[in-house]
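Peer 1: If it helps, the file is called upload_35.tsv and holds TSV, C-alpha atoms:
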chain	number	residue	atom	x	y	z
A	1	MET	CA	0.00	0.00	0.00
A	2	GLU	CA	2.83	2.39	0.87
A	3	TYR	CA	4.42	1.65	-2.52
A	4	ILE	CA	1.19	2.53	-4.33
A	5	LYS	CA	0.92	5.80	-2.37
A	6	ASN	CA	4.46	6.71	-3.36
A	7	VAL	CA	3.77	5.95	-7.02
A	8	LEU	CA	0.59	8.03	-6.96
A	9	ALA	CA	2.44	10.89	-5.29
A	10	LEU	CA	5.14	10.73	-7.97
A	11	LEU	CA	2.55	10.73	-10.76
A	12	LEU	CA	0.87	13.74	-9.17
A	13	LEU	CA	4.17	15.63	-9.07
A	14	LEU	CA	4.84	14.78	-12.71
A	15	ALA	CA	1.37	15.96	-13.68
A	16	LEU	CA	1.85	19.22	-11.80
A	17	GLY	CA	5.21	19.67	-13.51
A	18	ALA	CA	3.63	19.15	-16.93
A	19	CYS	CA	0.93	21.68	-16.16
A	20	SER	CA	3.53	24.22	-15.09
A	21	ASN	CA	5.50	24.15	-18.35
A	22	SER	CA	3.83	27.46	-19.18
A	23	THR	CA	4.52	30.24	-16.71
A	24	LYS	CA	3.87	33.96	-16.76
A	25	THR	CA	7.04	34.59	-18.77
A	26	GLU	CA	7.41	31.23	-20.55
A	27	LYS	CA	4.42	30.21	-22.68
A	28	TYR	CA	4.36	26.90	-24.54
A	29	GLN	CA	1.79	26.60	-27.32
A	30	LYS	CA	1.57	22.99	-28.46
A	31	GLU	CA	-1.44	23.54	-30.72
A	32	ARG	CA	-2.39	26.43	-32.97
A	33	ASP	CA	-5.44	24.97	-34.64
A	34	VAL	CA	-8.01	27.77	-34.87
A	35	ILE	CA	-7.87	28.18	-38.65
A	36	ALA	CA	-9.66	30.84	-40.71
A	37	ASN	CA	-9.35	30.24	-44.46
A	38	VAL	CA	-9.16	33.73	-45.97
A	39	HIS	CA	-7.76	32.81	-49.39
A	40	SER	CA	-10.88	33.97	-51.23
A	41	LEU	CA	-11.03	37.27	-49.30
A	42	LEU	CA	-7.80	38.69	-50.73
A	43	ILE	CA	-8.25	41.53	-53.23
A	44	GLU	CA	-5.61	41.89	-55.91
A	45	ILE	CA	-3.79	45.22	-56.19
A	46	LYS	CA	-2.83	46.11	-59.76
A	47	THR	CA	0.25	48.29	-60.14
A	48	ASP	CA	-0.33	49.35	-63.76
A	49	PRO	CA	1.29	50.98	-65.63
A	50	ILE	CA	4.56	49.92	-63.98
A	51	LEU	CA	6.12	46.51	-63.49
A	52	ILE	CA	7.62	45.70	-60.10
A	53	GLY	CA	10.22	42.99	-59.44
A	54	SER	CA	9.64	39.99	-57.23
A	55	ILE	CA	11.72	41.35	-54.34
A	56	ALA	CA	9.59	44.24	-53.10
A	57	ARG	CA	8.37	45.63	-49.78
A	58	PRO	CA	5.29	47.78	-49.12
A	59	CYS	CA	4.94	50.36	-46.36
A	60	VAL	CA	2.46	53.11	-45.55
A	61	LEU	CA	3.13	56.84	-45.11
A	62	GLY	CA	0.14	59.10	-44.56
A	63	ASN	CA	-2.21	58.76	-47.53
A	64	HIS	CA	0.32	56.85	-49.58
A	65	VAL	CA	1.60	53.34	-50.09
A	66	ILE	CA	5.32	53.11	-50.82
A	67	ILE	CA	6.66	50.04	-52.60
A	68	ALA	CA	10.41	49.46	-52.57
A	69	ASP	CA	11.42	47.61	-55.75
A	70	TYR	CA	14.82	46.11	-55.02
A	71	ASN	CA	15.53	44.66	-58.46
A	72	SER	CA	14.51	47.65	-60.54
A	73	PRO	CA	17.16	48.79	-63.06
A	74	ASP	CA	15.67	52.29	-63.05
A	75	ARG	CA	13.66	53.83	-60.20
A	76	LEU	CA	13.52	51.91	-56.94
A	77	ILE	CA	10.62	53.56	-55.10
A	78	HIS	CA	7.02	53.63	-56.36
A	79	LEU	CA	4.22	55.67	-54.80
A	80	PHE	CA	0.49	54.91	-54.81
A	81	ARG	CA	-2.62	56.38	-53.27
A	82	LYS	CA	-3.58	54.43	-50.18
A	83	ASP	CA	-7.34	54.54	-50.68
A	84	ASN	CA	-7.50	53.12	-54.22
A	85	PHE	CA	-3.88	52.16	-55.05
A	86	LYS	CA	-3.69	54.56	-58.00
A	87	TYR	CA	-0.11	54.92	-59.23
A	88	LEU	CA	1.31	58.40	-58.54
A	89	GLY	CA	4.96	58.31	-59.46
A	90	SER	CA	8.41	56.86	-58.86
A	91	THR	CA	11.73	58.09	-57.47
A	92	ALA	CA	15.14	56.95	-56.16
A	93	TYR	CA	17.14	56.18	-59.29
A	94	ALA	CA	19.46	53.19	-59.17
A	95	GLY	CA	23.09	54.09	-59.79
A	96	GLN	CA	26.35	55.50	-58.49
A	97	GLY	CA	25.67	59.16	-59.19
A	98	PRO	CA	24.66	61.96	-56.80
A	99	GLY	CA	21.34	61.21	-55.12
A	100	GLU	CA	21.21	57.75	-56.70
A	101	ILE	CA	20.96	54.50	-54.74
A	102	THR	CA	23.56	51.77	-55.17
A	103	SER	CA	22.33	49.13	-52.69
A	104	MET	CA	18.90	49.87	-51.24
A	105	GLY	CA	18.01	48.69	-47.77
A	106	HIS	CA	15.25	49.67	-45.36
A	107	ILE	CA	12.64	52.37	-45.96
A	108	GLY	CA	11.90	54.35	-42.80
A	109	THR	CA	8.86	56.62	-42.49
A	110	ASP	CA	8.42	59.93	-40.66
A	111	GLU	CA	4.69	60.63	-40.41
A	112	ASN	CA	5.06	64.07	-38.80
A	113	ARG	CA	7.31	65.48	-41.53
A	114	HIS	CA	5.82	63.51	-44.45
A	115	LYS	CA	9.26	62.14	-45.24
A	116	PHE	CA	10.67	58.71	-45.92
A	117	TYR	CA	14.26	57.62	-45.44
A	118	VAL	CA	16.07	55.24	-47.79
A	119	SER	CA	19.12	53.31	-46.58
A	120	ASP	CA	21.90	52.87	-49.12
A	121	HIS	CA	24.32	50.22	-47.88
A	122	GLY	CA	26.62	50.79	-50.83
A	123	LYS	CA	27.23	54.44	-50.04
A	124	GLN	CA	26.63	53.90	-46.30
A	125	LYS	CA	24.15	56.76	-46.22
A	126	ILE	CA	20.48	57.23	-45.42
A	127	PHE	CA	18.77	59.59	-47.87
A	128	SER	CA	15.76	61.74	-46.97
A	129	TYR	CA	12.83	62.21	-49.37
A	130	ASP	CA	9.98	64.66	-48.88
A	131	ILE	CA	6.98	62.80	-50.29
A	132	ASP	CA	5.10	65.94	-51.38
A	133	SER	CA	8.16	67.26	-53.21
A	134	VAL	CA	8.77	63.89	-54.86
A	135	LEU	CA	5.26	64.00	-56.33
A	136	SER	CA	5.55	67.66	-57.36
A	137	PHE	CA	9.00	67.71	-58.97
A	138	PRO	CA	10.00	64.96	-61.44
A	139	ASN	CA	13.71	65.71	-61.00
A	140	TYR	CA	13.60	65.80	-57.21
A	141	MET	CA	16.94	65.10	-55.49
A	142	PRO	CA	17.05	63.69	-51.96
A	143	THR	CA	19.22	65.02	-49.17
A	144	VAL	CA	21.57	63.01	-46.97
A	145	LYS	CA	19.91	62.32	-43.63
A	146	ILE	CA	22.89	60.62	-41.97
A	147	GLU	CA	26.11	58.79	-42.71
A	148	MET	CA	26.21	55.18	-41.52
A	149	ASN	CA	29.30	53.27	-40.45
A	150	THR	CA	30.35	49.72	-41.24
A	151	VAL	CA	31.04	48.71	-37.62
A	152	GLN	CA	27.42	48.90	-36.46
A	153	PHE	CA	24.41	49.90	-38.54
A	154	PRO	CA	20.63	49.39	-38.76
A	155	SER	CA	19.25	46.85	-41.21
A	156	LYS	CA	15.69	47.87	-40.26
A	157	TYR	CA	14.26	50.38	-37.83
A	158	GLN	CA	11.11	52.08	-36.64
A	159	TYR	CA	11.62	55.82	-36.60
A	160	VAL	CA	10.26	57.86	-33.68
A	161	ASN	CA	12.32	61.04	-33.92
A	162	ASP	CA	15.87	62.08	-34.79
A	163	THR	CA	17.21	60.93	-31.43
A	164	LEU	CA	15.17	57.74	-31.02
A	165	SER	CA	14.52	54.83	-33.34
A	166	PHE	CA	14.15	51.16	-32.52
A	167	ALA	CA	16.56	49.31	-34.77
A	168	LEU	CA	17.52	45.82	-35.78
A	169	ALA	CA	21.25	46.39	-35.49
A	170	ILE	CA	23.91	44.56	-37.47
A	171	GLU	CA	27.42	44.17	-36.09
A	172	PRO	CA	29.77	42.38	-38.53
A	173	THR	CA	32.16	39.92	-36.88
A	174	SER	CA	33.97	38.86	-40.07
A	175	THR	CA	33.53	39.19	-43.82
A	176	SER	CA	30.73	36.59	-43.73
A	177	THR	CA	29.33	36.59	-40.15
A	178	PHE	CA	27.52	39.11	-38.00
A	179	LYS	CA	25.62	39.65	-34.77
A	180	GLN	CA	22.01	40.84	-34.85
A	181	TYR	CA	20.06	42.45	-32.00
A	182	ILE	CA	17.43	45.04	-31.12
A	183	ALA	CA	18.70	48.43	-29.97
A	184	LYS	CA	17.62	51.98	-29.33
A	185	TRP	CA	19.31	54.06	-31.98
A	186	ASN	CA	20.10	57.78	-31.94
A	187	MET	CA	20.29	58.92	-35.56
A	188	GLN	CA	21.97	62.20	-34.66
A	189	SER	CA	24.80	60.72	-32.62
A	190	GLY	CA	24.91	57.33	-34.30
A	191	GLN	CA	24.87	55.60	-30.91
A	192	PHE	CA	23.18	52.22	-30.35
A	193	ALA	CA	21.94	51.14	-26.91
A	194	ARG	CA	21.43	47.40	-27.00
A	195	MET	CA	18.21	46.09	-25.43
A	196	LYS	CA	18.80	44.13	-22.23
A	197	TYR	CA	16.95	40.90	-22.90
A	198	GLN	CA	18.61	38.17	-24.92
A	199	HIS	CA	17.25	34.63	-24.91
A	200	PRO	CA	19.80	32.49	-23.02
A	201	ASP	CA	19.42	29.42	-25.26
A	202	ILE	CA	19.89	31.11	-28.65
A	203	THR	CA	23.50	31.36	-29.79
A	204	LYS	CA	22.88	32.64	-33.34
A	205	LYS	CA	20.09	35.18	-33.42
A	206	ARG	CA	18.20	35.87	-36.66
A	207	ILE	CA	14.95	37.74	-36.19
A	208	CYS	CA	12.30	40.08	-37.51
A	209	PHE	CA	10.74	42.62	-35.14
A	210	ALA	CA	8.00	45.19	-34.64
A	211	VAL	CA	7.44	48.01	-32.17
A	212	SER	CA	4.26	49.44	-30.65
A	213	ILE	CA	4.94	52.81	-29.06
A	214	GLU	CA	1.28	53.05	-27.96
A	215	ASN	CA	1.48	49.79	-26.03
A	216	ASP	CA	5.09	50.24	-24.83
A	217	ILE	CA	6.23	46.88	-26.21
A	218	TYR	CA	8.25	45.32	-28.97
A	219	VAL	CA	8.17	41.80	-30.33
A	220	GLU	CA	10.92	39.79	-31.96
A	221	CYS	CA	10.20	36.64	-33.98
A	222	TYR	CA	12.95	34.18	-34.76
A	223	THR	CA	13.65	33.13	-38.32
A	224	PHE	CA	15.12	29.71	-37.53
A	225	HIS	CA	13.53	28.97	-34.15
A	226	ASP	CA	9.85	28.51	-33.29
A	227	LEU	CA	10.04	31.37	-30.80
A	228	MET	CA	8.59	34.82	-30.23
A	229	SER	CA	9.74	37.18	-27.46
A	230	ILE	CA	7.77	40.18	-26.18
A	231	CYS	CA	9.54	42.89	-24.18
A	232	ASN	CA	8.74	46.37	-22.93
A	233	LEU	CA	10.53	49.34	-24.46
A	234	ASN	CA	13.10	49.31	-21.66
A	235	GLY	CA	14.18	45.87	-22.86
A	236	ASP	CA	12.65	43.87	-19.99
A	237	LEU	CA	11.17	40.50	-20.90
A	238	ILE	CA	7.39	40.21	-20.74
A	239	CYS	CA	7.18	36.68	-22.11
A	240	ASN	CA	8.63	34.10	-24.47
A	241	ILE	CA	6.16	32.20	-26.66
A	242	TYR	CA	7.34	28.77	-27.77
A	243	GLY	CA	5.63	27.18	-30.76
A	244	PRO	CA	4.97	23.47	-31.37
A	245	SER	CA	8.37	22.92	-33.04
A	246	TRP	CA	10.51	24.77	-30.50
A	247	ASP	CA	14.05	23.66	-29.80
A	248	SER	CA	17.22	25.64	-29.17
A	249	LYS	CA	19.47	23.89	-31.71
A	250	GLU	CA	21.44	26.11	-34.07
A	251	SER	CA	20.12	25.30	-37.54
A	252	ASN	CA	18.81	27.07	-40.61
A	253	ARG	CA	17.02	24.08	-42.09
A	254	VAL	CA	13.50	25.27	-41.20
A	255	HIS	CA	12.08	28.74	-41.79
A	256	TYR	CA	9.65	29.72	-39.04
A	257	TYR	CA	8.70	33.41	-38.83
A	258	GLY	CA	8.83	35.66	-41.89
A	259	ASP	CA	7.72	39.07	-40.63
A	260	VAL	CA	5.69	40.57	-37.79
A	261	ILE	CA	3.52	43.68	-37.37
A	262	PHE	CA	1.21	45.26	-34.81
A	263	CYS	CA	-2.43	45.74	-35.80
A	264	LYS	CA	-4.02	47.87	-33.07
A	265	ASP	CA	-4.14	45.49	-30.06
A	266	LYS	CA	-3.04	42.39	-31.97
A	267	ILE	CA	0.27	40.92	-33.12
A	268	LEU	CA	0.28	39.40	-36.62
A	269	ALA	CA	3.22	37.23	-37.65
A	270	SER	CA	3.70	35.42	-40.96
A	271	TYR	CA	4.73	31.82	-40.36
A	272	SER	CA	6.11	29.08	-42.58
A	273	GLY	CA	7.44	26.03	-40.74
A	274	GLY	CA	8.70	24.74	-44.10
A	275	ALA	CA	12.17	23.78	-45.29
A	276	ASN	CA	14.40	26.82	-45.74
A	277	PHE	CA	15.87	25.94	-49.14
A	278	SER	CA	12.67	24.85	-50.84
A	279	ASP	CA	9.36	26.06	-52.27
A	280	GLU	CA	8.01	25.93	-48.70
A	281	TYR	CA	10.23	28.82	-47.60
A	282	ASN	CA	7.63	31.58	-47.96
A	283	PRO	CA	4.94	31.72	-45.27
A	284	THR	CA	1.36	31.06	-46.38
A	285	LYS	CA	-0.34	31.83	-43.07
A	286	ILE	CA	-0.44	34.57	-40.48
A	287	LEU	CA	-0.61	33.81	-36.76
A	288	VAL	CA	-2.68	36.19	-34.63
A	289	PHE	CA	-1.77	36.85	-30.98
A	290	ASP	CA	-2.95	39.29	-28.35
A	291	LEU	CA	-0.47	41.69	-26.74
A	292	HIS	CA	0.28	39.12	-24.02
A	293	GLY	CA	1.40	36.56	-26.59
A	294	ASP	CA	-1.67	34.37	-26.26
A	295	TYR	CA	-2.55	32.64	-29.53
A	296	LEU	CA	-5.93	33.62	-30.99
A	297	LYS	CA	-6.15	32.17	-34.49
A	298	THR	CA	-4.41	31.44	-37.78
A	299	LEU	CA	-5.26	33.28	-40.99
A	300	ASP	CA	-4.67	30.78	-43.79
A	301	ILE	CA	-3.71	33.12	-46.64
A	302	GLY	CA	-3.11	30.33	-49.16
A	303	TYR	CA	-0.58	32.43	-51.09
A	304	LYS	CA	3.18	32.75	-50.56
A	305	ILE	CA	3.83	35.90	-48.52
A	306	VAL	CA	7.02	37.85	-49.20
A	307	ASP	CA	6.27	40.87	-46.99
A	308	PHE	CA	3.31	42.74	-45.55
A	309	CYS	CA	2.37	45.93	-43.71
A	310	TYR	CA	-0.63	47.37	-41.88
A	311	ASP	CA	-2.94	50.10	-43.18
A	312	ASP	CA	-4.33	51.47	-39.92
A	313	ASP	CA	-6.88	53.85	-41.47
A	314	ASN	CA	-8.56	51.07	-43.44
A	315	ASN	CA	-7.82	48.23	-40.99
A	316	ARG	CA	-6.27	45.99	-43.61
A	317	ILE	CA	-2.96	44.37	-44.41
A	318	ILE	CA	-1.17	45.00	-47.70
A	319	MET	CA	0.93	42.10	-48.96
A	320	ASN	CA	3.60	41.37	-51.52
A	321	LEU	CA	3.11	37.79	-52.71
A	322	ASN	CA	5.21	35.33	-54.66
A	323	ASP	CA	2.20	33.74	-56.30
A	324	GLU	CA	-0.39	34.08	-59.07
A	325	PHE	CA	-0.70	37.76	-58.30
A	326	GLN	CA	1.94	39.96	-56.75
A	327	PHE	CA	0.16	42.44	-54.50
A	328	ALA	CA	-3.07	42.11	-52.55
A	329	TYR	CA	-4.85	43.43	-49.49
A	330	LEU	CA	-6.96	41.72	-46.85
A	331	SER	CA	-9.53	43.57	-44.75
A	332	LEU	CA	-9.31	42.59	-41.08
A	333	GLU	CA	-12.85	43.71	-40.26
A	334	GLY	CA	-14.58	40.82	-38.53
A	335	LEU	CA	-11.50	38.59	-38.82
A	336	ILE	CA	-9.52	39.52	-35.72
Go ahead and render the structure in this file as structure tokens.

Peer 2:
Amino acid sequence: MEYIKNVLALLLLLALGACSNSTKTEKYQKERDVIANVHSLLIEIKTDPILIGSIARPCVLGNHVIIADYNSPDRLIHLFRKDNFKYLGSTAYAGQGPGEITSMGHIGTDENRHKFYVSDHGKQKIFSYDIDSVLSFPNYMPTVKIEMNTVQFPSKYQYVNDTLSFALAIEPTSTSTFKQYIAKWNMQSGQFARMKYQHPDITKKRICFAVSIENDIYVECYTFHDLMSICNLNGDLICNIYGPSWDSKESNRVHYYGDVIFCKDKILASYSGGANFSDEYNPTKILVFDLHGDYLKTLDIGYKIVDFCYDDDNNRIIMNLNDEFQFAYLSLEGLI
């Protein structure tokens, strides 16, 4: 009888341990099976009369949609009306000359000044474009916003003001390797202040990220690990969210998260789970979480997602797709 009591006590302890896998800061999500098939709800965006290459990224600035066309042999930035996607004009000539872009990187947006900032990693400069002037003057020339350095520079960032941006910083460690981390970045001084939290089990960090100033949080999603981390803007951990395929091994065989954005009080992250060097690389679904990292549902897009952004005024996401059509939008009304 005593033996049976001991066995039962041990089983109870094991059960309690299993139930406590998820804590306030460590959340394990074994199932993400609330699926909404939204394939038929996507509306194609036509970019006539221009053709845009397959590597492109959309973003929103005021009443405009900006599409960065990374493979264009001519102009690299295309502007559209946000309400009806009417083509308005193009700028940012590719080339080595004054005001031209040799190796385009991130496009930052400054809502207050109606400007957008184009990183040129060839010239190690960030150029400033006034969107109203671009549309008014065909021969508009940008100004140099800042000079970057090769020791530490932003690959992506969310601009707040000239002394504060939240950046995905790159720090080269050799000709072929680099460190990657989130930092507060002062454009004026060029200084980076690395965020405090780093996951202790990840040795090679490759992530996408998004920032919500309104909610005082940022989220980082790992490219090669089934992991999302949410922190406050001081860099303190709020929680880690571990997906069904989580492990801490260093590998690039599987592509997990593609990109992540905030949509009001929700986090939307594109997710693949497919082999990295295959047709399964591009995500075809978007996971929806609340601001605490709790899983809500999966939007099954059914098309291969290259990149996407949020149109707050119209509560919709705008996507670049590697599929039967290239650009589309999805209204989120009633979906999330």

Peer 1: Please check which residues have atoms at most 9 Å from (8.7, 41.6, -55.3) in the file's coordinates, counting all atoms listed in the file, and write them as a list of chain:residue names.

Peer 2: A:Ile52, A:Gly53, A:Ser54, A:Ile55, A:Ala56, A:Arg57, A:Ala68, A:Asp69, A:Tyr70, A:Asn71, A:Val306, A:Asp307, A:Asn320, A:Leu321, A:Asn322, A:Gln326, A:Phe327

Peer 1: What lies within 8 Å of Asn276 of chain A using only C-alpha atoms, ignoring chain neighbours under 3 positions off, as a list in words?

Peer 2: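 The filter keeps Asn252, Arg253, Val254, His255, Glu280 and Tyr281 of chain A.
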
Peer 1: Can you pull out every residue within 7 Å of Cys309 of chain A, counting only C-alpha atoms, but drop anything in the same chain fewer than 5 positions away, and send it as a count of residues only?

Peer 2: 6

Peer 1: Point out the residue among A:Lys249, A:Ser155, A:Thr177, A:Arg194 with the least atom-to-atom distance to Ile207 of chain A, counting only C-alpha atoms.

Peer 2: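 The answer is A:Ser155, which sits nearest to Ile207 of chain A.
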
Peer 1: Can you pull out every residue within 12 Å of Lys145 of chain A, counting only C-alpha atoms, but drop anything in the same chain fewer than 2 positions away, and send it as JSON, numbers by chain?

Peer 2: {"A": [99, 108, 115, 116, 117, 118, 119, 120, 124, 125, 126, 127, 128, 129, 130, 142, 143, 147, 148, 162, 187, 188, 190]}

Peer 1: Please identify all polymer residues lying at most 10 Å from the point (-10.3, 50.9, -36.0) (file coordinates), using only C-alpha atoms, and present the result as a list of chain:residue names.

Peer 2: A:Cys263, A:Lys264, A:Asp312, A:Asp313, A:Asn314, A:Asn315, A:Arg316, A:Leu332, A:Glu333

Peer 1: Using only C-alpha atoms, determine which residues lie at most 10 Å from Phe178 of chain A, disregarding the query and same-chain residues fewer than 2 positions distant; provide the list as a PDB file with C-alpha atoms, in the coordinates of the input.

Peer 2:
ATOM      1  CA  GLN A 152      27.420  48.900 -36.460  1.00  0.00           C
ATOM      2  CA  ALA A 169      21.250  46.390 -35.490  1.00  0.00           C
ATOM      3  CA  ILE A 170      23.910  44.560 -37.470  1.00  0.00           C
ATOM      4  CA  GLU A 171      27.420  44.170 -36.090  1.00  0.00           C
ATOM      5  CA  PRO A 172      29.770  42.380 -38.530  1.00  0.00           C
ATOM      6  CA  THR A 173      32.160  39.920 -36.880  1.00  0.00           C
ATOM      7  CA  SER A 174      33.970  38.860 -40.070  1.00  0.00           C
ATOM      8  CA  THR A 175      33.530  39.190 -43.820  1.00  0.00           C
ATOM      9  CA  SER A 176      30.730  36.590 -43.730  1.00  0.00           C
ATOM     10  CA  GLN A 180      22.010  40.840 -34.850  1.00  0.00           C
ATOM     11  CA  LYS A 204      22.880  32.640 -33.340  1.00  0.00           C
ATOM     12  CA  LYS A 205      20.090  35.180 -33.420  1.00  0.00           C
ATOM     13  CA  ARG A 206      18.200  35.870 -36.660  1.00  0.00           C
TER      14      ARG A 206
END

Peer 1: Leaving out segment 300-305 of chain A and any residue of its chain fewer than 6 positions from it, which residues lie within 9 Å of it when counting all atoms listed in the file, given as a PDB file with C-alpha atoms, in the frame of the given file?

Peer 2:
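Output (selection-v9.pdb):
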ATOM      1  CA  ILE A  35      -7.870  28.180 -38.650  1.00  0.00           C
ATOM      2  CA  ALA A  36      -9.660  30.840 -40.710  1.00  0.00           C
ATOM      3  CA  ASN A  37      -9.350  30.240 -44.460  1.00  0.00           C
ATOM      4  CA  VAL A  38      -9.160  33.730 -45.970  1.00  0.00           C
ATOM      5  CA  HIS A  39      -7.760  32.810 -49.390  1.00  0.00           C
ATOM      6  CA  SER A  40     -10.880  33.970 -51.230  1.00  0.00           C
ATOM      7  CA  LEU A  41     -11.030  37.270 -49.300  1.00  0.00           C
ATOM      8  CA  LEU A  42      -7.800  38.690 -50.730  1.00  0.00           C
ATOM      9  CA  GLY A 258       8.830  35.660 -41.890  1.00  0.00           C
ATOM     10  CA  SER A 270       3.700  35.420 -40.960  1.00  0.00           C
ATOM     11  CA  GLU A 280       8.010  25.930 -48.700  1.00  0.00           C
ATOM     12  CA  TYR A 281      10.230  28.820 -47.600  1.00  0.00           C
ATOM     13  CA  ASN A 282       7.630  31.580 -47.960  1.00  0.00           C
ATOM     14  CA  PRO A 283       4.940  31.720 -45.270  1.00  0.00           C
ATOM     15  CA  THR A 284       1.360  31.060 -46.380  1.00  0.00           C
ATOM     16  CA  LYS A 285      -0.340  31.830 -43.070  1.00  0.00           C
ATOM     17  CA  ILE A 286      -0.440  34.570 -40.480  1.00  0.00           C
ATOM     18  CA  LEU A 287      -0.610  33.810 -36.760  1.00  0.00           C
ATOM     19  CA  MET A 319       0.930  42.100 -48.960  1.00  0.00           C
ATOM     20  CA  ASN A 320       3.600  41.370 -51.520  1.00  0.00           C
ATOM     21  CA  LEU A 321       3.110  37.790 -52.710  1.00  0.00           C
ATOM     22  CA  ASN A 322       5.210  35.330 -54.660  1.00  0.00           C
ATOM     23  CA  ASP A 323       2.200  33.740 -56.300  1.00  0.00           C
ATOM     24  CA  GLU A 324      -0.390  34.080 -59.070  1.00  0.00           C
ATOM     25  CA  PHE A 325      -0.700  37.760 -58.300  1.00  0.00           C
TER      26      PHE A 325
END

Peer 1: Working from the structure I just supplied, which lacks atoms in segment 82-98 of chain A, can you model N, CA and C atoms there and output them as a tab-separated table (two decimals), in the coordinates of the input?

Peer 2:
chain	number	residue	atom	x	y	z
A	82	LYS	N	-3.24	55.51	-51.10
A	82	LYS	CA	-3.58	54.43	-50.18
A	82	LYS	C	-5.02	53.99	-50.30
A	83	ASP	N	-5.92	54.90	-50.68
A	83	ASP	CA	-7.34	54.54	-50.68
A	83	ASP	C	-7.71	53.65	-51.86
A	84	ASN	N	-7.11	53.90	-53.03
A	84	ASN	CA	-7.50	53.12	-54.22
A	84	ASN	C	-6.32	52.54	-55.00
A	85	PHE	N	-5.10	52.72	-54.48
A	85	PHE	CA	-3.88	52.16	-55.05
A	85	PHE	C	-3.57	52.71	-56.45
A	86	LYS	N	-4.03	53.92	-56.73
A	86	LYS	CA	-3.69	54.56	-58.00
A	86	LYS	C	-2.20	54.92	-58.00
A	87	TYR	N	-1.53	54.62	-59.10
A	87	TYR	CA	-0.11	54.92	-59.23
A	87	TYR	C	0.10	56.42	-59.34
A	88	LEU	N	1.06	56.97	-58.56
A	88	LEU	CA	1.31	58.40	-58.54
A	88	LEU	C	2.66	58.80	-59.12
A	89	GLY	N	3.64	57.96	-58.95
A	89	GLY	CA	4.96	58.31	-59.46
A	89	GLY	C	6.04	57.44	-58.84
A	90	SER	N	7.28	57.65	-59.34
A	90	SER	CA	8.41	56.86	-58.86
A	90	SER	C	9.60	57.77	-58.62
A	91	THR	N	10.54	57.30	-57.79
A	91	THR	CA	11.73	58.09	-57.47
A	91	THR	C	12.85	57.14	-57.08
A	92	ALA	N	13.96	57.70	-56.63
A	92	ALA	CA	15.14	56.95	-56.16
A	92	ALA	C	15.76	56.14	-57.30
A	93	TYR	N	16.49	56.84	-58.16
A	93	TYR	CA	17.14	56.18	-59.29
A	93	TYR	C	18.27	55.26	-58.82
A	94	ALA	N	18.36	54.10	-59.45
A	94	ALA	CA	19.46	53.19	-59.17
A	94	ALA	C	20.72	53.67	-59.87
A	95	GLY	N	21.85	53.67	-59.16
A	95	GLY	CA	23.09	54.09	-59.79
A	95	GLY	C	24.10	54.59	-58.79
A	96	GLN	N	25.24	55.03	-59.32
A	96	GLN	CA	26.35	55.50	-58.49
A	96	GLN	C	26.41	57.02	-58.38
A	97	GLY	N	25.57	57.71	-59.13
A	97	GLY	CA	25.67	59.16	-59.19
A	97	GLY	C	25.10	59.86	-57.96
A	98	PRO	N	25.20	61.20	-57.93
A	98	PRO	CA	24.66	61.96	-56.80
A	98	PRO	C	23.16	61.73	-56.63
